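**Student:** Got a structure for you, questions after.
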Amino acid sequence: MRPWDLDEGVRMRRQQPHSWLLISFDQWRGDWLRQPWLRLPHLKRLAKEGWLAERCYTSCPHCVPARASWLTGLPPLELGLASNTSYTVSANASSFVRDLSEAGYSTALIGKTHWTPHDLPGIDLRDNIPLLRALGFDRVREIAGPRALAVIECELTDRWREAGVWDAYRRDLANRYEGGCAHLVRPSVLPEALYPDLWVGTEALAELQAMPTDRPWFLWVSFPGPHEPFDVPARWRGVHPVSTIPRAEPRPDWADSLPADCQLSRLMARWPEGIPSRALQELRADYADHLALLDVQVGNLMEALASRPDHSQVAVSVVSDHGELLGDWGLLLKGCFLEGAVRSLCLHRPPRGRWPWRSWGSRRPVPLTPALQAMASMVRRGRRQRPLESLAAHPGPVVSIFAGERLEIRGDRRTMVLEDGRRIDLPPPGHP
């Protein structure tokens with residue numbers, strides 16, 4: 001027996017529940033992390049200290065199905081979801097947060113959930129508090145994504161109204177998307193402290209400080225970025241000069257042979273000529289700068305965590321709901337099975353980091369929802385990374401669905417299955 005095998009046996013007998021800091025992002029594509037040209041020191045350090053799924057895939061490349069699947073552990077189709085729609089998660093739905101709460105955890109959330117409709121004027125997210133408590137949260141400070149914040153109300157829009165900037169924000173947002181445009185790049189009109197991701201980052205520090213030290217806790221910090229619009233505040237612009245950003249993956253010649261009724265063809269019809277090249281490089285640089293802004297918020301959270309007396313008993317996970325095309329094939333947003341849309345962030349750092357004799361991660365395809373559910377089970381049972389390693393070793397396909405279509409991923413093979421059963425092999429992904 002190796003000495004560390006005995007050490008592991010001792011640890012296993014002394015397992016105690018871990019506290020858990022879960023950090024999530026909206027629309028952070030999973031291949032934009034380890035790139036050498038990206039300045040993300042804090043997240044790259046977390047990836048080195050933990051377990052990273054380099055090829056993690058969302059259950060659906062739309063927010064609502066992906067996030068409902070996160071919470072419940074159910075595939076989107078079992079929830080009756082295949083794309084963004086007006087949806088409210090049931091108060092008695094399965095919830096890994098409720099499982100933690102019933103196991104004695106103190107639970108809190110700040111940021112975006114999207115487990116209720118975000119598309120109707122007059123909605124106040126604070127009305128969701130009873131629902132979120134039924135799902136297991138003791139304390140909730142919920143906001144919406146940047147586009148929904150123009151029509152619904154929450155704690156953050158109260159701050160905007162008090163500062164006299166909410167109307168200016170709504171006018172700016174309407175102007176950005178006028179005529180169906182989605183690629184306009186310019187700084188936010190909001191004061192920096194009230195920019196959604198910076199506000200969440202600041203308030204999350206207070207939430208972290210408020211977590212108890214005499215019992216296990218779970219804090220979910222859910223940033224609404226780097227979701228478009230491409231509006232990183234002026235002070236954060238230029239971290240990644242346009243000249244340093246690789247070009248998007250060009251649309252291949254064979255793309256025109258795809259069936260006209262498949263979702264990818266419909267998305268190409270929205271941008272038949274692609275995105276103007278100068279605008280495309282500017283928005284890719286703005287997106288990279290937004291990642292740098294978010295990385296600093298992660299660094300602030302890690303610094304605050306390190307100052308807590310219980311820091312050695314806290315696991316940290318980072319995920320994103322789906323990606324962003326960023327000009328691949330001349331397209332933006334998501335809602336298709338190209339790699340940029342379906343690939344998500346997924347990393348987990350156990351308390352005190354991974355053991356040096358364990359794997360640092362996986363280059364095999366990993367499904368995001370089961371990975372997140374495994375993380376929840378691991379922290380509740382005081383386990384480390386073995387369940388994630390087992391998940392990565394599973395031989396079955398990783399599946400993502402969208403609008404009646406299905407993507408099956410086996411190793412490097414990616415097959416798109418249309419509604420009528422036609423199967424189309426997609427090529428291996430290109431560079432980011």
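Just so we're on the same page: first chain in the structure tokens is A, next is B, and so on; residues restart at 1 for each chain, and ligands are numbered from 1 in the order they show up.
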Would you tabulate, counting only C-alpha atoms, all residues of segment 195-245 of chain A that have an atom at most 12 Å from an atom of segment 159-167 of chain A, showing the closest pair of atoms and their distance in Å to one decimal, sorted by chain then ascending number, as a tab-separated table?

**Tutor:**
residue	atom	partner	partner_atom	distance
A:Tyr195	CA	A:Trp160	CA	9.5
A:Pro196	CA	A:Trp160	CA	10.4
A:Trp199	CA	A:Arg159	CA	10.1

**Student:** Just to be explicit: take each residue in the selection above, keep N, CA and C atoms, and write the result as a PDB file, in the first residue's frame.

**Tutor:**
ATOM      1  N   TYR A 195     -22.821  48.815 -12.523  1.00  0.00           N
ATOM      2  CA  TYR A 195     -22.761  47.856 -13.624  1.00  0.00           C
ATOM      3  C   TYR A 195     -23.074  46.470 -13.039  1.00  0.00           C
ATOM      4  N   PRO A 196     -23.984  45.691 -13.639  1.00  0.00           N
ATOM      5  CA  PRO A 196     -24.481  44.484 -12.967  1.00  0.00           C
ATOM      6  C   PRO A 196     -23.408  43.555 -12.407  1.00  0.00           C
ATOM      7  N   TRP A 199     -21.609  45.243  -9.481  1.00  0.00           N
ATOM      8  CA  TRP A 199     -22.490  45.315  -8.319  1.00  0.00           C
ATOM      9  C   TRP A 199     -22.594  43.942  -7.656  1.00  0.00           C
TER      10      TRP A 199
END

**Student:** Env of segment 66-74 of chain A: 9 Å cut, atoms = only C-alpha atoms, seq-sep filter 6 positions within chain, self excluded. Answer as a list in words.

**Tutor:** Thr58, Ser59, Cys60, Leu81, Ser83, Val89, Ala93, Ser94, Ser95, Phe96, Val97, Thr113, His114, Trp115, Leu135, Asp321, His322, Leu368, Thr369, Pro370, Leu372 and Gln373 of chain A

**Student:** Tell me, as a list of chain:residue names, which residues lie within 7 Å of Trp220 of chain A, counting only C-alpha atoms; anything in the same chain fewer than 4 positions away does not count.

**Tutor:**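 So the residues in contact are A:Leu21, A:Leu22, A:Ile23, A:Ala108, A:Leu109, A:Ile110.
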
**Student:** Put those residues in a file: N, CA, C and O atoms, as a CSV table (one decimal), in the first residue's frame.

**Tutor:**
chain,number,residue,atom,x,y,z
A,21,LEU,N,-18.7,27.4,-2.3
A,21,LEU,CA,-18.9,28.6,-3.0
A,21,LEU,C,-19.1,28.3,-4.5
A,21,LEU,O,-18.1,27.8,-5.1
A,22,LEU,N,-20.2,28.5,-5.0
A,22,LEU,CA,-20.5,28.2,-6.5
A,22,LEU,C,-20.6,29.5,-7.2
A,22,LEU,O,-21.4,30.4,-6.8
A,23,ILE,N,-19.8,29.7,-8.2
A,23,ILE,CA,-19.8,30.9,-9.1
A,23,ILE,C,-20.2,30.5,-10.5
A,23,ILE,O,-19.7,29.6,-11.1
A,108,ALA,N,-27.5,30.7,0.5
A,108,ALA,CA,-27.8,32.1,0.0
A,108,ALA,C,-27.4,32.2,-1.5
A,108,ALA,O,-26.6,31.4,-2.0
A,109,LEU,N,-28.1,33.1,-2.1
A,109,LEU,CA,-27.8,33.4,-3.6
A,109,LEU,C,-27.9,34.9,-3.8
A,109,LEU,O,-28.7,35.6,-3.3
A,110,ILE,N,-26.9,35.3,-4.6
A,110,ILE,CA,-27.0,36.7,-5.2
A,110,ILE,C,-26.7,36.6,-6.7
A,110,ILE,O,-25.7,36.0,-7.1

**Student:** Looking at only C-alpha atoms, which of A:Arg380, A:His18, A:His42, A:Arg349 is the one that sits closest to Leu293 of chain A?

**Tutor:** A:His42

**Student:** I need the residues in segment 333-403 of chain A that are strand (DSSP E) according to DSSP; give them as a count of residues only.

**Tutor:** 18

**Student:** Mind listing the alpha helix (DSSP H) residues of segment 184-385 of chain A, per DSSP on the backbone, as a ChimeraX atom specification?

**Tutor:** /A:196-210,263-270,277-306,339-342,368-381

**Student:** With C-alpha atoms kept, could you save the residues just selected as an mmCIF file, in the first residue's frame?

**Tutor:**
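Now in selection34.cif:
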data_model
loop_
_atom_site.group_PDB
_atom_site.id
_atom_site.type_symbol
_atom_site.label_atom_id
_atom_site.label_comp_id
_atom_site.auth_asym_id
_atom_site.auth_seq_id
_atom_site.Cartn_x
_atom_site.Cartn_y
_atom_site.Cartn_z
ATOM 1 C CA PRO A 196 -24.481 44.484 -12.967
ATOM 2 C CA ASP A 197 -21.393 42.300 -12.711
ATOM 3 C CA LEU A 198 -19.495 44.815 -10.594
ATOM 4 C CA TRP A 199 -22.490 45.315 -8.319
ATOM 5 C CA VAL A 200 -22.879 41.549 -7.887
ATOM 6 C CA GLY A 201 -19.148 41.210 -7.226
ATOM 7 C CA THR A 202 -19.200 43.864 -4.512
ATOM 8 C CA GLU A 203 -22.369 42.636 -2.841
ATOM 9 C CA ALA A 204 -21.158 39.029 -3.003
ATOM 10 C CA LEU A 205 -18.254 39.966 -0.721
ATOM 11 C CA ALA A 206 -20.755 41.053 1.928
ATOM 12 C CA GLU A 207 -22.747 37.850 1.447
ATOM 13 C CA LEU A 208 -19.590 35.767 1.825
ATOM 14 C CA GLN A 209 -18.676 37.603 5.025
ATOM 15 C CA ALA A 210 -22.155 36.911 6.403
ATOM 16 C CA GLN A 263 -31.785 25.397 -36.513
ATOM 17 C CA LEU A 264 -28.245 26.139 -37.659
ATOM 18 C CA SER A 265 -29.475 27.078 -41.146
ATOM 19 C CA ARG A 266 -32.135 29.319 -39.628
ATOM 20 C CA LEU A 267 -29.496 31.080 -37.569
ATOM 21 C CA MET A 268 -27.321 31.554 -40.663
ATOM 22 C CA ALA A 269 -30.323 33.096 -42.414
ATOM 23 C CA ARG A 270 -30.314 35.854 -39.785
ATOM 24 C CA SER A 277 -15.119 42.181 -39.765
ATOM 25 C CA ARG A 278 -14.132 45.315 -37.838
ATOM 26 C CA ALA A 279 -17.198 45.127 -35.620
ATOM 27 C CA LEU A 280 -16.544 41.442 -35.060
ATOM 28 C CA GLN A 281 -13.006 41.952 -33.784
ATOM 29 C CA GLU A 282 -14.160 44.808 -31.559
ATOM 30 C CA LEU A 283 -16.908 42.739 -29.957
ATOM 31 C CA ARG A 284 -14.535 39.804 -29.434
ATOM 32 C CA ALA A 285 -12.114 42.165 -27.680
ATOM 33 C CA ASP A 286 -14.958 43.626 -25.603
ATOM 34 C CA TYR A 287 -16.017 40.101 -24.615
ATOM 35 C CA ALA A 288 -12.445 39.256 -23.604
ATOM 36 C CA ASP A 289 -12.276 42.462 -21.536
ATOM 37 C CA HIS A 290 -15.563 41.484 -19.870
ATOM 38 C CA LEU A 291 -14.000 38.151 -18.916
ATOM 39 C CA ALA A 292 -11.087 40.037 -17.362
ATOM 40 C CA LEU A 293 -13.543 42.154 -15.349
ATOM 41 C CA LEU A 294 -15.233 38.996 -14.101
ATOM 42 C CA ASP A 295 -11.906 37.356 -13.331
ATOM 43 C CA VAL A 296 -11.072 40.241 -10.997
ATOM 44 C CA GLN A 297 -14.376 39.677 -9.190
ATOM 45 C CA VAL A 298 -13.428 36.023 -8.748
ATOM 46 C CA GLY A 299 -10.048 37.104 -7.408
ATOM 47 C CA ASN A 300 -11.736 39.377 -4.884
ATOM 48 C CA LEU A 301 -13.939 36.505 -3.736
ATOM 49 C CA MET A 302 -10.933 34.181 -3.396
ATOM 50 C CA GLU A 303 -9.079 36.775 -1.328
ATOM 51 C CA ALA A 304 -12.085 37.229 0.951
ATOM 52 C CA LEU A 305 -12.525 33.476 1.237
ATOM 53 C CA ALA A 306 -8.884 33.031 2.239
ATOM 54 C CA GLU A 339 -18.909 24.425 -30.268
ATOM 55 C CA GLY A 340 -18.897 28.049 -29.131
ATOM 56 C CA ALA A 341 -22.583 27.855 -28.197
ATOM 57 C CA VAL A 342 -22.723 24.501 -26.402
ATOM 58 C CA LEU A 368 -22.626 19.966 -17.314
ATOM 59 C CA THR A 369 -25.830 19.164 -15.394
ATOM 60 C CA PRO A 370 -24.577 15.813 -14.041
ATOM 61 C CA ALA A 371 -21.244 17.470 -13.217
ATOM 62 C CA LEU A 372 -22.957 20.175 -11.161
ATOM 63 C CA GLN A 373 -25.121 17.597 -9.417
ATOM 64 C CA ALA A 374 -21.979 15.575 -8.648
ATOM 65 C CA MET A 375 -20.372 18.653 -7.122
ATOM 66 C CA ALA A 376 -23.400 19.183 -4.885
ATOM 67 C CA SER A 377 -23.273 15.566 -3.734
ATOM 68 C CA MET A 378 -19.515 15.747 -3.156
ATOM 69 C CA VAL A 379 -19.648 18.767 -0.866
ATOM 70 C CA ARG A 380 -22.627 17.431 1.075
ATOM 71 C CA ARG A 381 -20.845 14.140 1.716
#

**Student:** Identify which of the residues A:Cys181, A:Pro187, A:Pro229, A:Val242 lies closest to Trp271 of chain A, counting only C-alpha atoms when measuring atom-to-atom distances.

**Tutor:**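 Ranked by minimum distance to Trp271 of chain A, first place goes to A:Cys181.
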
**Student:** Of the candidates A:Pro309, A:Gly145, A:Gly330, A:Pro130, which one gets nearest to Ile275 of chain A if we count only C-alpha atoms?

**Tutor:** A:Gly330

**Student:** My list of candidates is A:Asn84, A:Thr157, A:Asn92, A:Ser106. Which is closest to Arg126 of chain A when distances are computed with only C-alpha atoms?

**Tutor:**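 For Arg126 of chain A, the nearest of the candidates is A:Thr157.
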
**Student:** Using only C-alpha atoms, which of A:Glu155, A:Pro272, A:Ala148, A:Thr107 sits nearest Asp256 of chain A?

**Tutor:**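 Looking at the shortest contact to Asp256 of chain A, the residue is A:Pro272.
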
**Student:** Can you pull out the residues contacting Leu173 of chain A? Cut-off 9 Å, using only C-alpha atoms, and skip same-chain residues under 3 positions away; I want them as a list of chain:residue names.

**Tutor:** A:Pro146, A:Arg147, A:Ala150, A:Ala168, A:Tyr169, A:Arg170, A:Arg176, A:Tyr177, A:Glu178, A:Pro229

**Student:** Can I get the selection written as a compact mmCIF listing (two decimals), in the first residue's frame, with all heavy atoms?

**Tutor:**
# COMPACT_ATOMS: atom_id res chain seq x y z
N PRO A 146 -28.83 41.41 -18.37
CA PRO A 146 -28.76 42.83 -18.76
C PRO A 146 -29.92 43.30 -19.62
O PRO A 146 -30.35 44.45 -19.50
CB PRO A 146 -27.42 42.94 -19.49
CG PRO A 146 -27.05 41.53 -19.85
CD PRO A 146 -27.65 40.66 -18.80
N ARG A 147 -30.45 42.46 -20.47
CA ARG A 147 -31.56 42.89 -21.32
C ARG A 147 -32.88 42.88 -20.56
O ARG A 147 -33.70 43.77 -20.71
CB ARG A 147 -31.63 42.03 -22.59
CG ARG A 147 -30.36 42.19 -23.45
CD ARG A 147 -30.38 41.34 -24.70
NE ARG A 147 -31.33 41.81 -25.68
CZ ARG A 147 -31.43 41.33 -26.92
NH1 ARG A 147 -30.62 40.34 -27.30
NH2 ARG A 147 -32.32 41.79 -27.76
N ALA A 150 -34.09 45.88 -18.29
CA ALA A 150 -34.75 47.06 -18.85
C ALA A 150 -36.25 47.04 -18.62
O ALA A 150 -36.91 48.08 -18.76
CB ALA A 150 -34.46 47.17 -20.35
N ALA A 168 -31.93 56.15 -18.78
CA ALA A 168 -30.81 56.23 -19.72
C ALA A 168 -30.36 54.83 -20.15
O ALA A 168 -30.02 54.60 -21.32
CB ALA A 168 -29.65 56.99 -19.10
N TYR A 169 -30.36 53.90 -19.21
CA TYR A 169 -29.97 52.53 -19.53
C TYR A 169 -30.95 51.91 -20.53
O TYR A 169 -30.54 51.28 -21.51
CB TYR A 169 -29.93 51.69 -18.26
CG TYR A 169 -29.60 50.23 -18.50
CD1 TYR A 169 -28.28 49.83 -18.69
CD2 TYR A 169 -30.60 49.25 -18.54
CE1 TYR A 169 -27.97 48.50 -18.92
CE2 TYR A 169 -30.29 47.92 -18.76
CZ TYR A 169 -28.97 47.55 -18.95
OH TYR A 169 -28.67 46.23 -19.18
N ARG A 170 -32.24 52.12 -20.31
CA ARG A 170 -33.24 51.54 -21.21
C ARG A 170 -33.16 52.17 -22.60
O ARG A 170 -33.30 51.47 -23.61
CB ARG A 170 -34.63 51.70 -20.61
CG ARG A 170 -34.84 50.80 -19.40
CD ARG A 170 -36.26 50.81 -18.88
NE ARG A 170 -36.57 52.03 -18.16
CZ ARG A 170 -37.68 52.20 -17.46
NH1 ARG A 170 -38.59 51.24 -17.42
NH2 ARG A 170 -37.91 53.33 -16.82
N ARG A 176 -29.09 50.12 -28.96
CA ARG A 176 -28.11 49.09 -29.34
C ARG A 176 -28.72 48.01 -30.23
O ARG A 176 -28.07 47.52 -31.15
CB ARG A 176 -27.55 48.41 -28.08
CG ARG A 176 -26.59 49.24 -27.27
CD ARG A 176 -26.20 48.50 -26.00
NE ARG A 176 -25.32 49.29 -25.16
CZ ARG A 176 -24.01 49.31 -25.23
NH1 ARG A 176 -23.41 48.55 -26.15
NH2 ARG A 176 -23.28 50.06 -24.43
N TYR A 177 -29.97 47.63 -29.94
CA TYR A 177 -30.58 46.52 -30.65
C TYR A 177 -31.57 46.98 -31.72
O TYR A 177 -32.31 46.16 -32.27
CB TYR A 177 -31.27 45.59 -29.65
CG TYR A 177 -30.29 44.86 -28.77
CD1 TYR A 177 -29.99 45.32 -27.49
CD2 TYR A 177 -29.63 43.73 -29.23
CE1 TYR A 177 -29.08 44.65 -26.69
CE2 TYR A 177 -28.71 43.06 -28.44
CZ TYR A 177 -28.44 43.52 -27.17
OH TYR A 177 -27.53 42.87 -26.37
N GLU A 178 -31.57 48.25 -32.03
CA GLU A 178 -32.50 48.78 -33.04
C GLU A 178 -32.27 48.08 -34.38
O GLU A 178 -31.14 47.89 -34.82
CB GLU A 178 -32.30 50.29 -33.18
CG GLU A 178 -33.33 50.95 -34.06
CD GLU A 178 -33.18 52.47 -34.07
OE1 GLU A 178 -32.23 52.98 -33.46
OE2 GLU A 178 -34.02 53.13 -34.71
N PRO A 229 -25.38 42.84 -23.95
CA PRO A 229 -24.68 43.66 -24.93
C PRO A 229 -23.18 43.80 -24.64
O PRO A 229 -22.73 43.57 -23.51
CB PRO A 229 -25.37 45.02 -24.80
CG PRO A 229 -25.84 45.07 -23.39
CD PRO A 229 -26.26 43.66 -23.08

**Student:** Quick one: distance from atom CA of Glu228 of chain A to atom CA of Leu184 of chain A in Å, one decimal?

**Tutor:** 9.7 Å
